Structure formats: C-alpha cells, structure tokens
>>> print(open('upload36.cif').read())   # mmCIF, C-alpha atoms
data_work
#
loop_
_atom_site.label_atom_id
_atom_site.label_comp_id
_atom_site.auth_asym_id
_atom_site.auth_seq_id
_atom_site.Cartn_x
_atom_site.Cartn_y
_atom_site.Cartn_z
CA MET A 1 -36.26 15.04 24.16
CA ARG A 2 -33.36 17.39 23.33
CA ARG A 3 -31.91 16.73 19.88
CA ILE A 4 -28.11 16.45 19.63
CA ARG A 5 -26.74 17.36 16.23
CA THR A 6 -23.79 15.56 14.70
CA PRO A 7 -20.78 17.86 15.22
CA SER A 8 -19.15 19.48 12.22
CA MET A 9 -15.71 18.41 11.00
CA ALA A 10 -14.41 21.85 11.97
CA ALA A 11 -15.56 21.36 15.55
CA LEU A 12 -14.20 17.82 15.79
CA SER A 13 -10.84 18.79 14.27
CA ALA A 14 -10.51 21.76 16.63
CA PHE A 15 -11.42 19.62 19.63
CA GLU A 16 -9.04 16.77 18.68
CA ALA A 17 -6.11 19.14 18.23
CA ALA A 18 -6.87 21.08 21.43
CA ALA A 19 -7.26 17.81 23.37
CA ARG A 20 -3.99 16.42 22.05
CA HIS A 21 -2.05 19.58 22.92
CA GLU A 22 -4.21 20.63 25.88
CA SER A 23 -3.77 24.07 24.41
CA PHE A 24 -6.04 26.21 22.24
CA THR A 25 -3.00 28.20 21.11
CA LEU A 26 -1.10 25.17 19.81
CA ALA A 27 -4.26 23.76 18.23
CA ALA A 28 -4.85 27.03 16.39
CA ARG A 29 -1.26 27.05 15.17
CA GLU A 30 -1.56 23.46 13.89
CA LEU A 31 -4.86 24.14 12.10
CA SER A 32 -3.77 27.56 10.76
CA VAL A 33 -6.74 29.36 12.34
CA THR A 34 -7.08 31.86 15.15
CA GLU A 35 -7.23 30.85 18.80
CA SER A 36 -10.67 32.46 19.08
CA ALA A 37 -11.89 30.25 16.19
CA VAL A 38 -10.76 27.13 18.06
CA SER A 39 -12.38 28.38 21.26
CA ARG A 40 -15.65 29.12 19.45
CA GLN A 41 -15.79 25.66 17.80
CA ILE A 42 -15.24 23.95 21.14
CA SER A 43 -17.84 26.13 22.85
CA LEU A 44 -20.38 25.15 20.17
CA LEU A 45 -19.43 21.51 20.64
CA GLU A 46 -19.84 21.71 24.43
CA GLU A 47 -23.17 23.48 24.00
CA ASN A 48 -24.40 20.82 21.59
CA LEU A 49 -23.29 17.96 23.83
CA ASN A 50 -24.29 19.74 27.05
CA VAL A 51 -20.97 18.54 28.53
CA SER A 52 -17.88 20.43 29.65
CA LEU A 53 -14.94 19.06 27.69
CA PHE A 54 -12.28 21.30 29.24
CA VAL A 55 -11.74 23.14 32.48
CA ARG A 56 -9.71 26.32 32.49
CA VAL A 57 -6.88 26.32 35.02
CA LYS A 58 -5.05 29.65 35.03
CA GLN A 59 -3.57 29.95 31.53
CA LYS A 60 -4.09 26.28 30.65
CA VAL A 61 -6.99 24.13 29.50
CA VAL A 62 -7.28 20.62 30.95
CA LEU A 63 -9.54 17.84 29.67
CA THR A 64 -12.39 16.75 31.89
CA ARG A 65 -13.01 13.03 32.28
CA PRO A 66 -15.81 13.06 29.63
CA GLY A 67 -13.54 15.20 27.47
CA ARG A 68 -10.69 12.70 27.70
CA LEU A 69 -12.96 9.77 26.79
CA TYR A 70 -14.51 11.71 23.90
CA SER A 71 -11.11 12.85 22.61
CA GLU A 72 -9.97 9.23 22.25
CA GLN A 73 -13.14 8.35 20.34
CA VAL A 74 -12.87 11.41 18.08
CA ARG A 75 -9.19 10.73 17.39
CA ASP A 76 -9.93 7.13 16.36
CA ALA A 77 -12.83 8.25 14.18
CA LEU A 78 -10.79 10.93 12.39
CA ARG A 79 -7.90 8.51 11.86
CA ALA A 80 -10.26 5.89 10.42
CA LEU A 81 -11.91 8.48 8.16
CA GLU A 82 -8.54 9.64 6.83
CA LYS A 83 -7.41 6.07 6.22
CA ASN A 84 -10.64 5.12 4.43
CA THR A 85 -10.57 8.29 2.33
CA LEU A 86 -7.02 7.55 1.16
CA ALA A 87 -7.95 3.95 0.42
CA VAL A 88 -10.96 4.93 -1.70
CA ALA A 89 -8.98 7.59 -3.56
CA ALA A 90 -6.21 5.13 -4.27
CA HIS A 91 -8.65 2.52 -5.52
CA GLY A 92 -10.51 4.90 -7.77
CA GLY A 93 -7.48 6.47 -9.41
CA GLY A 94 -5.21 3.44 -9.61
CA ARG A 95 -2.75 5.37 -7.48
CA GLY A 96 -1.86 5.71 -3.86
CA SER A 97 0.45 4.41 -1.23
CA LEU A 98 0.63 1.51 1.17
CA GLU A 99 1.58 1.97 4.82
CA LEU A 100 3.53 -1.18 5.66
CA ALA A 101 4.91 -2.29 9.03
CA VAL A 102 8.02 -4.41 8.58
CA LEU A 103 10.49 -6.36 10.65
CA PRO A 104 13.65 -4.26 10.30
CA THR A 105 16.09 -6.94 9.12
CA PHE A 106 13.52 -8.45 6.76
CA GLY A 107 12.93 -5.00 5.29
CA LEU A 108 16.65 -4.25 4.89
CA GLU A 109 17.90 -7.58 3.59
CA TRP A 110 14.94 -9.03 1.71
CA LEU A 111 12.21 -6.54 0.86
CA ILE A 112 13.98 -3.30 -0.05
CA PRO A 113 16.39 -4.91 -2.56
CA ARG A 114 13.36 -6.33 -4.40
CA LEU A 115 11.25 -3.16 -4.41
CA PRO A 116 12.61 -1.88 -7.75
CA ARG A 117 10.74 -4.79 -9.37
CA PHE A 118 7.53 -3.69 -7.64
CA TYR A 119 7.94 -0.09 -8.79
CA GLU A 120 8.70 -1.24 -12.31
CA LYS A 121 5.34 -3.01 -12.35
CA TYR A 122 3.36 -0.44 -10.34
CA PRO A 123 5.08 2.95 -10.83
CA ALA A 124 2.15 4.94 -9.42
CA ILE A 125 2.13 3.21 -6.01
CA ARG A 126 4.54 3.98 -3.21
CA ILE A 127 5.35 1.78 -0.21
CA ASN A 128 5.90 3.67 3.04
CA MET A 129 7.59 1.55 5.71
CA GLY A 130 7.66 1.71 9.46
CA VAL A 131 9.14 -0.74 11.96
CA ARG A 132 7.10 -3.00 14.22
CA THR A 133 8.61 -6.10 15.82
CA SER A 134 5.46 -7.49 17.46
CA PRO A 135 1.75 -7.77 16.61
CA PHE A 136 -0.40 -4.66 17.01
CA SER A 137 -3.99 -3.60 16.42
CA PHE A 138 -4.63 -2.23 12.93
CA GLU A 139 -7.51 -0.26 14.43
CA GLU A 140 -5.09 1.68 16.61
CA GLU A 141 -2.28 2.17 14.07
CA HIS A 142 -2.04 3.85 10.68
CA PHE A 143 -0.63 0.78 8.91
CA ASP A 144 -2.49 -0.99 6.09
CA ALA A 145 -0.50 -4.23 6.31
CA ALA A 146 2.44 -5.83 8.10
CA ILE A 147 5.17 -8.40 7.62
CA HIS A 148 5.12 -10.70 10.63
CA HIS A 149 7.25 -13.64 11.72
CA GLY A 150 5.49 -16.24 13.83
CA LYS A 151 2.05 -17.71 14.27
CA PRO A 152 -0.90 -15.97 12.53
CA ILE A 153 -2.36 -14.67 15.79
CA TRP A 154 -3.63 -11.26 14.69
CA PRO A 155 -7.28 -10.48 15.55
CA HIS A 156 -9.65 -9.42 12.75
CA ALA A 157 -6.88 -9.84 10.19
CA THR A 158 -5.94 -12.13 7.33
CA SER A 159 -2.51 -13.78 7.35
CA GLU A 160 -0.93 -15.25 4.22
CA ARG A 161 2.25 -17.28 4.51
CA LEU A 162 5.25 -16.06 2.54
CA PHE A 163 7.99 -18.60 3.34
CA GLY A 164 9.92 -20.29 6.12
CA GLU A 165 13.62 -19.98 6.81
CA THR A 166 16.80 -21.96 7.36
CA MET A 167 18.83 -21.18 10.49
CA VAL A 168 22.62 -21.37 10.12
CA THR A 169 25.61 -20.74 12.36
CA VAL A 170 28.09 -18.08 11.24
CA ALA A 171 31.28 -16.57 12.65
CA ARG A 172 34.43 -14.83 11.54
CA GLN A 173 37.01 -17.27 10.22
CA ASP A 174 39.76 -15.58 12.19
CA LEU A 175 37.77 -16.27 15.38
CA ILE A 176 37.21 -20.01 14.94
CA GLY A 177 40.01 -20.86 12.48
CA ARG A 178 37.94 -23.14 10.24
CA GLN A 179 34.52 -24.73 10.20
CA LEU A 180 33.97 -26.70 13.40
CA GLU A 181 33.19 -30.40 12.99
CA ARG A 182 31.77 -31.15 16.43
CA ALA A 183 28.73 -29.30 17.70
CA GLU A 184 30.19 -29.35 21.23
CA ASP A 185 33.06 -27.18 20.01
CA LEU A 186 30.68 -24.25 19.49
CA LEU A 187 30.27 -24.05 23.28
CA ARG A 188 33.82 -22.72 23.55
CA TYR A 189 32.64 -19.44 22.00
CA PRO A 190 29.98 -16.87 22.92
CA LEU A 191 26.67 -17.82 21.31
CA LEU A 192 24.89 -14.89 19.67
CA TYR A 193 21.14 -14.93 19.16
CA SER A 194 18.06 -12.78 18.62
CA THR A 195 16.02 -12.19 21.76
CA THR A 196 12.92 -12.69 19.62
CA ARG A 197 14.03 -16.34 19.23
CA PRO A 198 15.26 -17.22 22.75
CA GLU A 199 15.02 -21.00 22.20
CA SER A 200 16.88 -21.10 18.89
CA TRP A 201 20.24 -22.33 20.22
CA LYS A 202 18.58 -24.98 22.38
CA GLN A 203 16.76 -26.27 19.28
CA TRP A 204 19.98 -26.25 17.25
CA PHE A 205 21.95 -28.26 19.82
CA GLU A 206 19.09 -30.75 20.18
CA ALA A 207 19.11 -31.22 16.40
CA ALA A 208 22.89 -31.71 16.60
CA GLY A 209 22.43 -34.43 19.21
CA VAL A 210 23.79 -32.36 22.07
CA PRO A 211 20.84 -32.07 24.44
CA GLY A 212 21.25 -30.64 27.91
CA ASN A 213 21.39 -27.40 29.82
CA LEU A 214 23.03 -24.51 27.95
CA GLY A 215 22.90 -22.32 31.03
CA GLN A 216 26.68 -22.47 31.44
CA ALA A 217 27.34 -21.37 27.87
CA GLN A 218 28.41 -17.79 27.21
CA SER A 219 25.74 -15.99 25.25
CA ALA A 220 24.72 -12.52 24.11
CA GLY A 221 21.27 -11.52 22.90
CA PHE A 222 20.30 -8.79 20.46
CA GLU A 223 16.75 -7.75 19.57
CA LEU A 224 17.30 -7.43 15.83
CA GLN A 225 18.63 -10.15 13.54
CA SER A 226 20.73 -7.52 11.78
CA MET A 227 22.46 -6.84 15.11
CA VAL A 228 23.18 -10.55 15.55
CA VAL A 229 24.75 -10.71 12.08
CA ARG A 230 26.76 -7.56 12.73
CA ALA A 231 27.99 -8.97 16.05
CA ALA A 232 29.23 -12.09 14.25
CA GLU A 233 30.92 -9.91 11.61
CA SER A 234 32.67 -8.06 14.43
CA GLY A 235 34.06 -11.27 15.89
CA LEU A 236 31.94 -11.27 19.06
CA GLY A 237 31.01 -14.95 18.78
CA ILE A 238 29.03 -17.48 16.76
CA ALA A 239 25.60 -16.37 15.57
CA LEU A 240 22.54 -18.45 14.79
CA VAL A 241 20.54 -16.55 12.19
CA PRO A 242 18.31 -17.04 9.13
CA GLU A 243 20.67 -17.70 6.24
CA PHE A 244 19.15 -15.13 3.92
CA PHE A 245 19.79 -12.38 6.47
CA VAL A 246 23.57 -12.74 6.07
CA PRO A 247 24.50 -10.22 3.35
CA GLN A 248 26.98 -11.05 0.63
CA SER A 249 29.30 -8.41 2.03
CA ALA A 250 29.62 -10.41 5.26
CA TRP A 251 30.72 -13.56 3.41
CA ARG A 252 33.24 -11.51 1.44
CA GLN A 253 34.67 -9.97 4.62
CA GLY A 254 35.55 -13.21 6.36
CA VAL A 255 32.32 -14.64 7.78
CA ILE A 256 31.98 -18.41 7.28
CA ARG A 257 29.60 -21.16 8.26
CA ALA A 258 30.68 -22.16 11.78
CA HIS A 259 29.20 -25.69 11.51
CA PRO A 260 27.58 -27.54 8.58
CA LEU A 261 24.30 -28.21 10.43
CA SER A 262 21.35 -26.01 9.54
CA ILE A 263 17.83 -26.33 10.92
CA PRO A 264 14.45 -25.15 9.64
CA GLY A 265 12.90 -22.28 11.57
CA GLU A 266 9.82 -23.11 13.60
CA ASP A 267 7.73 -20.28 12.20
CA ALA A 268 7.24 -18.50 8.90
CA TYR A 269 7.01 -14.96 7.55
CA GLN A 270 3.47 -13.77 6.98
CA LEU A 271 1.80 -10.93 5.13
CA VAL A 272 -0.91 -9.66 7.48
CA TYR A 273 -3.66 -7.14 6.71
CA PRO A 274 -7.13 -6.22 8.03
CA SER A 275 -9.76 -8.53 6.61
CA ASN A 276 -11.76 -5.55 5.31
CA MET A 277 -8.81 -4.06 3.36
CA ARG A 278 -8.84 -6.36 0.33
CA ALA A 279 -10.66 -3.68 -1.68
CA SER A 280 -7.62 -1.40 -1.39
CA TYR A 281 -5.91 -1.13 -4.77
CA PRO A 282 -2.37 -0.54 -3.39
CA LEU A 283 -2.73 -3.46 -0.98
CA GLU A 284 -4.04 -5.83 -3.63
CA CYS A 285 -1.18 -4.93 -5.97
CA PHE A 286 1.42 -5.37 -3.22
CA ARG A 287 -0.18 -8.62 -2.05
CA ALA A 288 -0.08 -10.18 -5.52
CA TRP A 289 3.50 -9.04 -6.06
CA ILE A 290 4.98 -10.15 -2.73
CA LEU A 291 3.27 -13.56 -2.83
CA ASP A 292 4.80 -14.12 -6.27
CA GLU A 293 8.24 -12.94 -5.06
CA ALA A 294 7.96 -15.18 -2.00
CA ARG A 295 7.11 -18.26 -4.09
CA ARG A 296 10.06 -17.62 -6.38
CA PHE A 297 12.42 -17.07 -3.44
CA ALA A 298 11.21 -20.22 -1.66
CA ASP A 299 11.71 -22.30 -4.80
CA GLU A 300 15.22 -20.95 -5.41
CA ASN A 301 16.30 -21.54 -1.82
CA HIS A 302 14.43 -24.81 -1.20
CA LEU A 303 12.32 -23.26 1.56
CA VAL A 304 8.84 -24.25 2.58
CA ALA A 305 6.46 -21.76 0.98
#
>>> encode(input="upload36.cif", output="structure tokens")
Amino acid sequence: MRRIRTPSMAALSAFEAAARHESFTLAARELSVTESAVSRQISLLEENLNVSLFVRVKQKVVLTRPGRLYSEQVRDALRALEKNTLAVAAHGGGRGSLELAVLPTFGLEWLIPRLPRFYEKYPAIRINMGVRTSPFSFEEEHFDAAIHHGKPIWPHATSERLFGETMVTVARQDLIGRQLERAEDLLRYPLLYSTTRPESWKQWFEAAGVPGNLGQAQSAGFELQSMVVRAAESGLGIALVPEFFVPQSAWRQGVIRAHPLSIPGEDAYQLVYPSNMRASYPLECFRAWILDEARRFADENHLVA
C-alpha cells in the first residue's frame, strides 16, 4: 500500500494561501517567497496526495473539487494550530491576549469603561474585541470567548451568567413635556425598540395592564441598543431599553424617564467560552475579573446576578 506522508507546514501554508487567493502570485506575495517556491510546494503536495488540487485555466489557477474540500480542512487546521499555540504561549509566560466577541452596546457602555480596572490587575494581558450580535461556532471563528445576551444555547461551550437587566422607557423631555402617568399615553408617540427584542414593548404594556394588539402603534426598530438610545436622544420617540445602557450624558442633555414602570428583562448577559479553553491563562484571568465585576454591578443596581 502506498504510504502518504504528512505534508510539511511549508506545503500546507503555500496551499492554503494559494487556495484562498486562487493565485500563486498573490500567495507568494503574502508569504514573502517566490512564485516558483509556491508552485513547487503545491506540486510536492499533489504528488504526495496523488490528487490534483488545482487546474490551470489560461493565466489562472482554479481549485478542483478535492482541492476546495481540502483547502477548507487545511484552513481550519492552521487556524486551530495558531490559536492553540497562542493559548499555550500565553499560559506559560503569564502573558497574552484574549479575543473577545462582544455585543456592541454592552462593550461601549459597560465593559470598556471598566477595563482600566482589569489592566491595573493584569497589565500583561490585552483584550481584543470584535462585534458579534448572535451565537456563532467557536470552531469556525478566531474568538476565545463571547458576551452573549439570551439563553445559553451555544454548542460545546460553557455559559456563565453575569447579570440580568431592567428595561425602562426614556424620551426627550421636550418631546413628551413631563413623565407620563398613564401607560396608554405612550401610544401617542413612536415606540422605539431593538429588533433583537421584538416583543419588549408588548411585554411592557402587558405589565402595565394594557394588553391588546399594538399593531396600530407607530414604531421604529433599530438593531443596536445604542441606536435606540440615540434615537430617543434625538427626539424620535419613546425608547424601551436596558437602564444601564443610557449614558449619563443622555440624562444631562434632556432625556427623562417617560413612565415610572420598569420591567425585568427576560434574559441575562452571559460569558461564553469553549469548554476546553479553561486552561487559557488570559481567559481564566478575564473570567475571574468579569464575574467579580458583574456581581458587584448586580448588587449595586439590585439586579438578579
């Protein structure tokens, strides 16, 4: 039986780059080698596998079907190897970084203002943030952890509750005059909400004792909670948002509570990370810190931790 050798890193790197660009020239430029070196590595790889990975069409190279399937597998393997290497290096040296996916408004209004305390405690670790608004597969992304709002539905991951939230109604004082006493009076104004919480106004009116169809009410949806708050600041209507997302600057610039009723949010904020990542030093430091911050915040604001 013909023996197939495990390809070298040089061959796999050349193939992954060439497959991604579908160009030996661009792959060579990315890897800082010659085009002939890329071509030779891929020829050796094809010879070892006894499979054509590319077909040459005029001046272009195009992946074959086996080549396309193999390129996806190689890309995942190289990404996993890079991630694991960084994790081990960070653990061994007490240094490193954490790739964190955050909800944008949570990151802006809650997490970033508190990060100086994290860096004061762990000056050698850096938190790199990217935005994700819905669950994703850690196996397909470069993130080490995520902040999620909702049910802990992530596969092959651990979710730890941070805290719940209180939903309040806010509007510009010069739009509504003063705080409205009757819940029905809110229906005279456009109702602003986050499209990630489409049932929030229905739940608020039910809690206020005003059940019924809100289909006739004027409304405007925004994906991000920060957009909802900004819309209320701009006088576009009455917003229903988590109270801690309303910055102090908004209160100072004329935003008021539109009605005294507040309701607890249905879901909570979660720290989510792959179950096999607990050995990561940056993640363990961040986990301990954010859970402590979350407990303190929940206690101060009478939230359910």
>>> resolve_selection(input="upload36.cif", expression="the PyMOL selection byres ((chain A and resi 35-52) around 7)", output="list in words")
Ile4, Arg5, Pro7, Ala11, Ala14, Phe15, Phe24, Thr25, Ala28, Val33, Thr34, Leu53, Phe54 and Thr64 of chain A
>>> write_last_selection(input="upload36.cif", atoms="C-alpha atoms", output="mmCIF file, in the coordinates of the input")
data_model
loop_
_atom_site.group_PDB
_atom_site.id
_atom_site.type_symbol
_atom_site.label_atom_id
_atom_site.label_comp_id
_atom_site.auth_asym_id
_atom_site.auth_seq_id
_atom_site.Cartn_x
_atom_site.Cartn_y
_atom_site.Cartn_z
ATOM 1 C CA ILE A 4 -28.110 16.450 19.630
ATOM 2 C CA ARG A 5 -26.740 17.360 16.230
ATOM 3 C CA PRO A 7 -20.780 17.860 15.220
ATOM 4 C CA ALA A 11 -15.560 21.360 15.550
ATOM 5 C CA ALA A 14 -10.510 21.760 16.630
ATOM 6 C CA PHE A 15 -11.420 19.620 19.630
ATOM 7 C CA PHE A 24 -6.040 26.210 22.240
ATOM 8 C CA THR A 25 -3.000 28.200 21.110
ATOM 9 C CA ALA A 28 -4.850 27.030 16.390
ATOM 10 C CA VAL A 33 -6.740 29.360 12.340
ATOM 11 C CA THR A 34 -7.080 31.860 15.150
ATOM 12 C CA LEU A 53 -14.940 19.060 27.690
ATOM 13 C CA PHE A 54 -12.280 21.300 29.240
ATOM 14 C CA THR A 64 -12.390 16.750 31.890
#
>>> resolve_selection(input="upload36.cif", expression="the PyMOL selection byres ((chain A and resi 71) around 12)", output="PyMOL selection string")
chain A and resi 11-22+42+53-54+63-70+72-78
>>> write_last_selection(input="upload36.cif", atoms="C-alpha atoms", output="short mmCIF file (atom, residue, chain, number, x, y, z; two decimals), keeping the file's coordinate frame")
data_model
loop_
_atom_site.label_atom_id
_atom_site.label_comp_id
_atom_site.auth_asym_id
_atom_site.auth_seq_id
_atom_site.Cartn_x
_atom_site.Cartn_y
_atom_site.Cartn_z
CA ALA A 11 -15.56 21.36 15.55
CA LEU A 12 -14.20 17.82 15.79
CA SER A 13 -10.84 18.79 14.27
CA ALA A 14 -10.51 21.76 16.63
CA PHE A 15 -11.42 19.62 19.63
CA GLU A 16 -9.04 16.77 18.68
CA ALA A 17 -6.11 19.14 18.23
CA ALA A 18 -6.87 21.08 21.43
CA ALA A 19 -7.26 17.81 23.37
CA ARG A 20 -3.99 16.42 22.05
CA HIS A 21 -2.05 19.58 22.92
CA GLU A 22 -4.21 20.63 25.88
CA ILE A 42 -15.24 23.95 21.14
CA LEU A 53 -14.94 19.06 27.69
CA PHE A 54 -12.28 21.30 29.24
CA LEU A 63 -9.54 17.84 29.67
CA THR A 64 -12.39 16.75 31.89
CA ARG A 65 -13.01 13.03 32.28
CA PRO A 66 -15.81 13.06 29.63
CA GLY A 67 -13.54 15.20 27.47
CA ARG A 68 -10.69 12.70 27.70
CA LEU A 69 -12.96 9.77 26.79
CA TYR A 70 -14.51 11.71 23.90
CA GLU A 72 -9.97 9.23 22.25
CA GLN A 73 -13.14 8.35 20.34
CA VAL A 74 -12.87 11.41 18.08
CA ARG A 75 -9.19 10.73 17.39
CA ASP A 76 -9.93 7.13 16.36
CA ALA A 77 -12.83 8.25 14.18
CA LEU A 78 -10.79 10.93 12.39
#
>>> residues_around(input="upload36.cif", residues="Gln218 of chain A", least_positions_apart="3", cutoff="7 Å", atoms="only C-alpha atoms", output="JSON list (two decimals) with C-alpha atoms, keeping the file's coordinate frame")
[["chain", "number", "residue", "atom", "x", "y", "z"],
["A", 189, "TYR", "CA", 32.64, -19.44, 22.00],
["A", 190, "PRO", "CA", 29.98, -16.87, 22.92],
["A", 191, "LEU", "CA", 26.67, -17.82, 21.31]]
>>> closest_residue(input="upload36.cif", among="A:Leu115, A:Leu98, A:Leu81, A:Leu236", to="Ser280 of chain A", atoms="all atoms listed in the file")
A:Leu98
>>> residues_around(input="upload36.cif", residues="His259 of chain A", least_positions_apart="3", cutoff="12 Å", atoms="only C-alpha atoms", output="JSON, numbers by chain")
{"A": [167, 168, 169, 170, 171, 173, 176, 177, 178, 179, 180, 181, 182, 183, 184, 185, 186, 187, 204, 205, 208, 238, 239, 240, 256, 262, 263]}
>>> resolve_selection(input="upload36.cif", expression="the PyMOL selection byres ((chain A and resi 303) around 12)", output="VMD selection string")
chain A and resid 162 to 167 242 to 244 263 to 265 267 to 269 294 to 302 304 to 305
>>> write_last_selection(input="upload36.cif", atoms="C-alpha atoms", output="short mmCIF file (atom, residue, chain, number, x, y, z; two decimals), in the frame of the given file")
data_model
loop_
_atom_site.label_atom_id
_atom_site.label_comp_id
_atom_site.auth_asym_id
_atom_site.auth_seq_id
_atom_site.Cartn_x
_atom_site.Cartn_y
_atom_site.Cartn_z
CA LEU A 162 5.25 -16.06 2.54
CA PHE A 163 7.99 -18.60 3.34
CA GLY A 164 9.92 -20.29 6.12
CA GLU A 165 13.62 -19.98 6.81
CA THR A 166 16.80 -21.96 7.36
CA MET A 167 18.83 -21.18 10.49
CA PRO A 242 18.31 -17.04 9.13
CA GLU A 243 20.67 -17.70 6.24
CA PHE A 244 19.15 -15.13 3.92
CA ILE A 263 17.83 -26.33 10.92
CA PRO A 264 14.45 -25.15 9.64
CA GLY A 265 12.90 -22.28 11.57
CA ASP A 267 7.73 -20.28 12.20
CA ALA A 268 7.24 -18.50 8.90
CA TYR A 269 7.01 -14.96 7.55
CA ALA A 294 7.96 -15.18 -2.00
CA ARG A 295 7.11 -18.26 -4.09
CA ARG A 296 10.06 -17.62 -6.38
CA PHE A 297 12.42 -17.07 -3.44
CA ALA A 298 11.21 -20.22 -1.66
CA ASP A 299 11.71 -22.30 -4.80
CA GLU A 300 15.22 -20.95 -5.41
CA ASN A 301 16.30 -21.54 -1.82
CA HIS A 302 14.43 -24.81 -1.20
CA VAL A 304 8.84 -24.25 2.58
CA ALA A 305 6.46 -21.76 0.98
#
>>> atom_distance(input="upload36.cif", atom1="atom CA of Val246 of chain A", atom2="atom CA of His149 of chain A")
17.3 Å
>>> closest_residue(input="upload36.cif", among="A:Ser226, A:Leu283, A:Ala217, A:Thr195", to="Trp110 of chain A", atoms="only C-alpha atoms")
A:Ser226
>>> closest_residue(input="upload36.cif", among="A:Ala80, A:Leu26, A:Cys285, A:Val229", to="Leu192 of chain A", atoms="only C-alpha atoms")
A:Val229
>>> atom_distance(input="upload36.cif", atom1="atom CA of Trp251 of chain A", atom2="atom CA of Leu224 of chain A")
19.3 Å
>>> residues_around(input="upload36.cif", residues="Ser194 of chain A", least_positions_apart="5", cutoff="9 Å", atoms="all atoms listed in the file", output="compact mmCIF listing (two decimals) with C-alpha atoms, keeping the file's coordinate frame")
# COMPACT_ATOMS: atom_id res chain seq x y z
CA SER A 200 16.88 -21.10 18.89
CA ALA A 220 24.72 -12.52 24.11
CA GLY A 221 21.27 -11.52 22.90
CA PHE A 222 20.30 -8.79 20.46
CA GLU A 223 16.75 -7.75 19.57
CA LEU A 224 17.30 -7.43 15.83
CA GLN A 225 18.63 -10.15 13.54
CA MET A 227 22.46 -6.84 15.11
CA VAL A 228 23.18 -10.55 15.55
CA ALA A 239 25.60 -16.37 15.57
CA LEU A 240 22.54 -18.45 14.79
CA VAL A 241 20.54 -16.55 12.19
>>> atom_distance(input="upload36.cif", atom1="atom CA of Arg126 of chain A", atom2="atom CA of Arg114 of chain A")
13.6 Å
>>> closest_residue(input="upload36.cif", among="A:Pro116, A:Leu261, A:Val272, A:Met129", to="Glu206 of chain A", atoms="all atoms listed in the file")
A:Leu261
>>> closest_residue(input="upload36.cif", among="A:Phe136, A:Tyr193, A:Tyr119, A:Phe245", to="Ala157 of chain A", atoms="all atoms listed in the file")
A:Phe136
>>> decode(input="upload36.cif", residues="segment 175-187 of chain A", atoms="N, CA, C and O atoms", output="CSV table (one decimal), in the first residue's frame")
chain,number,residue,atom,x,y,z
A,175,LEU,N,-40.1,66.4,24.1
A,175,LEU,CA,-41.0,65.7,23.3
A,175,LEU,C,-42.3,65.4,24.0
A,175,LEU,O,-43.4,65.6,23.5
A,176,ILE,N,-42.2,64.9,25.3
A,176,ILE,CA,-43.3,64.5,26.0
A,176,ILE,C,-43.8,65.5,27.1
A,176,ILE,O,-44.9,65.3,27.7
A,177,GLY,N,-43.0,66.5,27.3
A,177,GLY,CA,-43.4,67.5,28.3
A,177,GLY,C,-43.0,67.1,29.7
A,177,GLY,O,-42.2,67.8,30.3
A,178,ARG,N,-43.5,66.1,30.2
A,178,ARG,CA,-43.1,65.6,31.6
A,178,ARG,C,-43.4,64.1,31.6
A,178,ARG,O,-44.0,63.5,30.6
A,179,GLN,N,-43.0,63.4,32.7
A,179,GLN,CA,-43.3,62.0,32.8
A,179,GLN,C,-44.7,61.7,32.6
A,179,GLN,O,-45.6,62.3,33.3
A,180,LEU,N,-45.1,60.7,31.8
A,180,LEU,CA,-46.4,60.3,31.5
A,180,LEU,C,-47.0,59.4,32.7
A,180,LEU,O,-46.3,58.5,33.1
A,181,GLU,N,-48.2,59.7,33.1
A,181,GLU,CA,-48.7,58.9,34.2
A,181,GLU,C,-49.5,57.6,33.8
A,181,GLU,O,-49.5,56.6,34.4
A,182,ARG,N,-50.1,57.7,32.6
A,182,ARG,CA,-50.9,56.6,32.1
A,182,ARG,C,-50.1,55.9,31.0
A,182,ARG,O,-49.6,56.5,30.1
A,183,ALA,N,-50.0,54.6,31.1
A,183,ALA,CA,-49.3,53.8,30.1
A,183,ALA,C,-49.9,54.0,28.7
A,183,ALA,O,-49.2,54.0,27.7
A,184,GLU,N,-51.2,54.2,28.6
A,184,GLU,CA,-51.9,54.4,27.3
A,184,GLU,C,-51.3,55.6,26.6
A,184,GLU,O,-51.3,55.7,25.4
A,185,ASP,N,-50.9,56.6,27.4
A,185,ASP,CA,-50.4,57.9,26.8
A,185,ASP,C,-49.2,57.6,25.9
A,185,ASP,O,-48.9,58.4,25.0
A,186,LEU,N,-48.4,56.6,26.2
A,186,LEU,CA,-47.2,56.3,25.4
A,186,LEU,C,-47.5,56.0,24.0
A,186,LEU,O,-46.7,56.2,23.1
A,187,LEU,N,-48.7,55.5,23.7
A,187,LEU,CA,-49.1,55.1,22.4
A,187,LEU,C,-49.3,56.3,21.5
A,187,LEU,O,-49.5,56.2,20.3
